[in-house]
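Asks: I'd like to ask you about the structure that follows.
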Amino acid sequence: MRDVFIVGLGLTKVGEHWGLGLRELGAEAILAAIRDAGERRADALFVGNMLSGVLSGQENLATMLADATGLLPIEAVKIEAACGSGGAAVRAATISVAAGAAETAIALGIEKMTDVSPDVVTAALATASDHEYEAGFGLSFVGMAALIMQRYMHETGRTHDEFAPFIVQAHRNAMTSEHAMFHLAVSPEQFARSPLVASPMGLLDVAPVCDGAAAVLVCSRDALRPHHKPIRIAGSAIATDTISLGARKRMTFLQASETSAAKAFHQARLAPGDIDVAEPHDAFTIMTALTLEASGFAKPGTVLDMAKAGAFASDGDLPICTFGGLKARGHPVGASGTYQIVEACRQLRGDAGKNQIAGAKRAFAQSIGGHGAVAVSHILEA
Amino acid sequence: MQTPGYYRVEGPYLRLQGQQCRRCNAKQFPPNPTCRSCGATEFDSCNLSGVGVVASFSEINAPPAGFSYPFLAALVTLAEGMTIAAQLTDIEPEDVKIGLAVEMTTRRIAETGSEGCLIYGYKFRPRLTD
């Protein structure tokens, strides 16, 4: 397989974009990525999205966006892996270039969530879980995460308040992140007092509903140009686990997260200790904890101690969620995986502004669909 | 869920009808085209006991469209060993704890509007029998 490089980055601000639909959001990110790469057209377009059909009545999304961006008659398809769709689109673009089917490809992650009422979004998000045996019984996506968290607290003796460092840090990082949804600090006390959404989780355990789109343009070594600041995709892997939570051998261990991370590290010939900056799937506080443990950045049961000691802060051993993460940058679900990649590339280019982690050379990003049902891991190298 | 979809899951929903693998004898629920233990595809039908213990729980205050709240969600580990997601009923939130003995009861799960039917299925309540 050929080496693949990221040479173009584009994103929209994350938030409630009342004035922008799928067409406008997607075009903004795609055209920005093409400009950033030096006005190169692309051979293929992979659109990561979860909910355009359910929430906007729009499928055939990749074709619509190819038309919206003047890229016709480009090969274009939509990639769906629930909340991991954006990461999966990057994986698809990577495969197409690595295999030699394309010299350049664009991966877009996009989601438009704010046109409908919260209970409709909640029902739509629940389509990521087993409809017949979980979602159909009223178990929301947030509810399933709460069941995992309650079990984790039971097995480890940890308390809800011990998850506060993840939220405090994410919001702190977002303060200087221009494209982030939230620019407000959160204290441990506010985290502890936030209204219960699904016990033991409060509102501040949960990433927000929002809109956004992010895109990367990838290319082969032959297509690199002198003006590029290429970031090599050193590892790229997807792994799956049972869609239903109940069927897992262990409720509090994300096997797909471990498997996909291990595959990506194997490809890159690197270990978790080699990573300078990480973008985990922090859709819920419990998911931040479990993905860091499963991906090899913390031994099971120790991640909260590391968080308390500041290991994941900007000046810690492994800075995470450097632009606010899903929690504070925002979680436009099918777009989040692509935002992670764009943000990691900015760190590795040295273009992260006030959020720059000094000397970052290697980054890890993991995007997850369902509660660990599908995990997409990428390792990037400057 | 529409009527044909409900027709397909009637056995599991109303009788906790699962499968027993003809090759390795493992029981599984919900039904799956392949055995999660050995990969075989031949099964006998088997109804589960419906008794188990609460493995985790949550009081849900923000449910999906079509469900009223608050309600109690749980993971229940059945006597046969598998864990399933379901709602708890006939119990107050402060009385639920991990390890609580529960049993299946049939209740209304959801209404699906004018074209759909009333969906009945399993919930779990504190165990009344020994």
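Every chain in the structure tokens has a letter given in the order shown (A, B, ...), and although residue numbers restart at 1 in each chain, ligands are simply numbered from 1 in the order shown.
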Check every residue of chain A for an atom within 7 Å of chain B, counting only C-alpha atoms, and provide those that qualify as a list in words.
Replies: Asp119, Val120, Thr122, Ala123, Glu134, Phe137, Gly138, Leu139, Ser140, Gly143, Ala146, Leu147, Gln150, Arg151, Val197, Ala198, Ser199, Pro200, Gly246 and Ala247 of chain A
Asks: I'd like to know which residues of stretch 55-303 of chain A are strand (DSSP E) (by DSSP, run on the backbone); could you write them as a ChimeraX atom specification?
Replies: /A:75-79,104-111,196-198,201-202,212-220,231-240,277-279
Asks: Residues of stretch 46-185 of chain A in alpha helix (DSSP H) according to DSSP, as a ChimeraX atom specification?
Replies: /A:52-56,61-68,85-98,118-125,141-156,164-174
Asks: Residues within 10 Å of A:Lys112, please, as a PDB file with C-alpha atoms, in the first residue's frame. Count only C-alpha atoms; anything in the same chain fewer than 5 positions from it doesn't count.
Replies:
ATOM      1  CA  GLY A  15     -22.590  25.695  16.568  1.00  0.00           C
ATOM      2  CA  GLU A  16     -26.253  26.313  15.857  1.00  0.00           C
ATOM      3  CA  HIS A  17     -26.173  27.407  12.219  1.00  0.00           C
ATOM      4  CA  TRP A  18     -29.753  28.519  11.662  1.00  0.00           C
ATOM      5  CA  LEU A  20     -26.834  27.215   6.896  1.00  0.00           C
ATOM      6  CA  GLY A  21     -28.019  23.838   5.623  1.00  0.00           C
ATOM      7  CA  LEU A  22     -26.118  20.684   4.674  1.00  0.00           C
ATOM      8  CA  ARG A  23     -25.298  22.165   1.265  1.00  0.00           C
ATOM      9  CA  LEU A  25     -21.893  23.745   5.531  1.00  0.00           C
ATOM     10  CA  GLY A  26     -20.442  20.970   3.389  1.00  0.00           C
ATOM     11  CA  ASN A  49     -22.525  11.605   7.829  1.00  0.00           C
ATOM     12  CA  MET A  50     -24.939   9.859  10.174  1.00  0.00           C
ATOM     13  CA  LEU A  51     -28.285  11.627  10.149  1.00  0.00           C
ATOM     14  CA  SER A  52     -28.951  13.574   6.947  1.00  0.00           C
ATOM     15  CA  LEU A  55     -33.109  14.804  10.286  1.00  0.00           C
ATOM     16  CA  SER A  56     -33.007  16.641   6.951  1.00  0.00           C
ATOM     17  CA  VAL A 209     -26.113  18.884  19.768  1.00  0.00           C
ATOM     18  CA  CYS A 210     -24.824  21.168  17.007  1.00  0.00           C
ATOM     19  CA  ASP A 211     -24.004  21.643  13.325  1.00  0.00           C
ATOM     20  CA  GLY A 212     -20.656  21.587  11.575  1.00  0.00           C
ATOM     21  CA  ALA A 213     -18.508  20.246   8.763  1.00  0.00           C
ATOM     22  CA  PRO A 332     -21.850  17.389  15.161  1.00  0.00           C
ATOM     23  CA  VAL A 333     -21.881  13.609  15.253  1.00  0.00           C
ATOM     24  CA  GLY A 334     -20.886  12.469  11.763  1.00  0.00           C
ATOM     25  CA  ALA A 335     -18.439  15.377  11.475  1.00  0.00           C
TER      26      ALA A 335
END
Asks: Considering only C-alpha atoms, can you say which of A:Ala307, A:Met1, A:Ile6, A:Ala283 comes closest to A:Arg225?
Replies: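 Smallest distance to A:Arg225 is found for A:Ile6.
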Asks: If we count only C-alpha atoms, what is near A:Leu217 at a cut-off of 8 Å, once residues fewer than 4 positions away on the same chain are taken out, given as a CSV table (one decimal) with C-alpha atoms, in the first residue's frame?
Replies:
chain,number,residue,atom,x,y,z
A,6,ILE,CA,-3.0,15.1,4.3
A,7,VAL,CA,-2.4,18.3,2.5
A,8,GLY,CA,-5.6,20.3,2.8
A,9,LEU,CA,-7.7,21.2,5.8
A,33,ALA,CA,-9.7,22.1,2.1
A,34,ILE,CA,-9.2,22.4,-1.6
A,37,ALA,CA,-4.2,22.3,-0.6
A,42,ALA,CA,-9.8,15.7,-6.3
A,104,THR,CA,-6.2,12.8,-4.4
A,105,ALA,CA,-9.3,12.3,-2.4
A,106,ILE,CA,-11.4,14.5,-0.1
A,107,ALA,CA,-13.0,13.2,3.2
Asks: Hey, what's within 10 Å of A:Ala309 if we count only C-alpha atoms and toss same-chain stuff fewer than 6 positions away? As a PyMOL selection string, please?
Replies: chain A and resi 165+303+316
Asks: Could you save the residues just selected, with C-alpha atoms, as a compact mmCIF listing (two decimals), in the first residue's frame?
Replies:
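Output below, filename result_31.txt:
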# COMPACT_ATOMS: atom_id res chain seq x y z
CA PRO A 165 -11.00 17.13 35.06
CA VAL A 303 -7.31 6.93 33.93
CA GLY A 316 0.69 17.26 30.70
Asks: So the first atom is atom CA of A:Arg193 and the second is atom CA of A:Phe166; what is the distance between them in Å, to one decimal place?
Replies: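 A separation of 15.5 Å between them.
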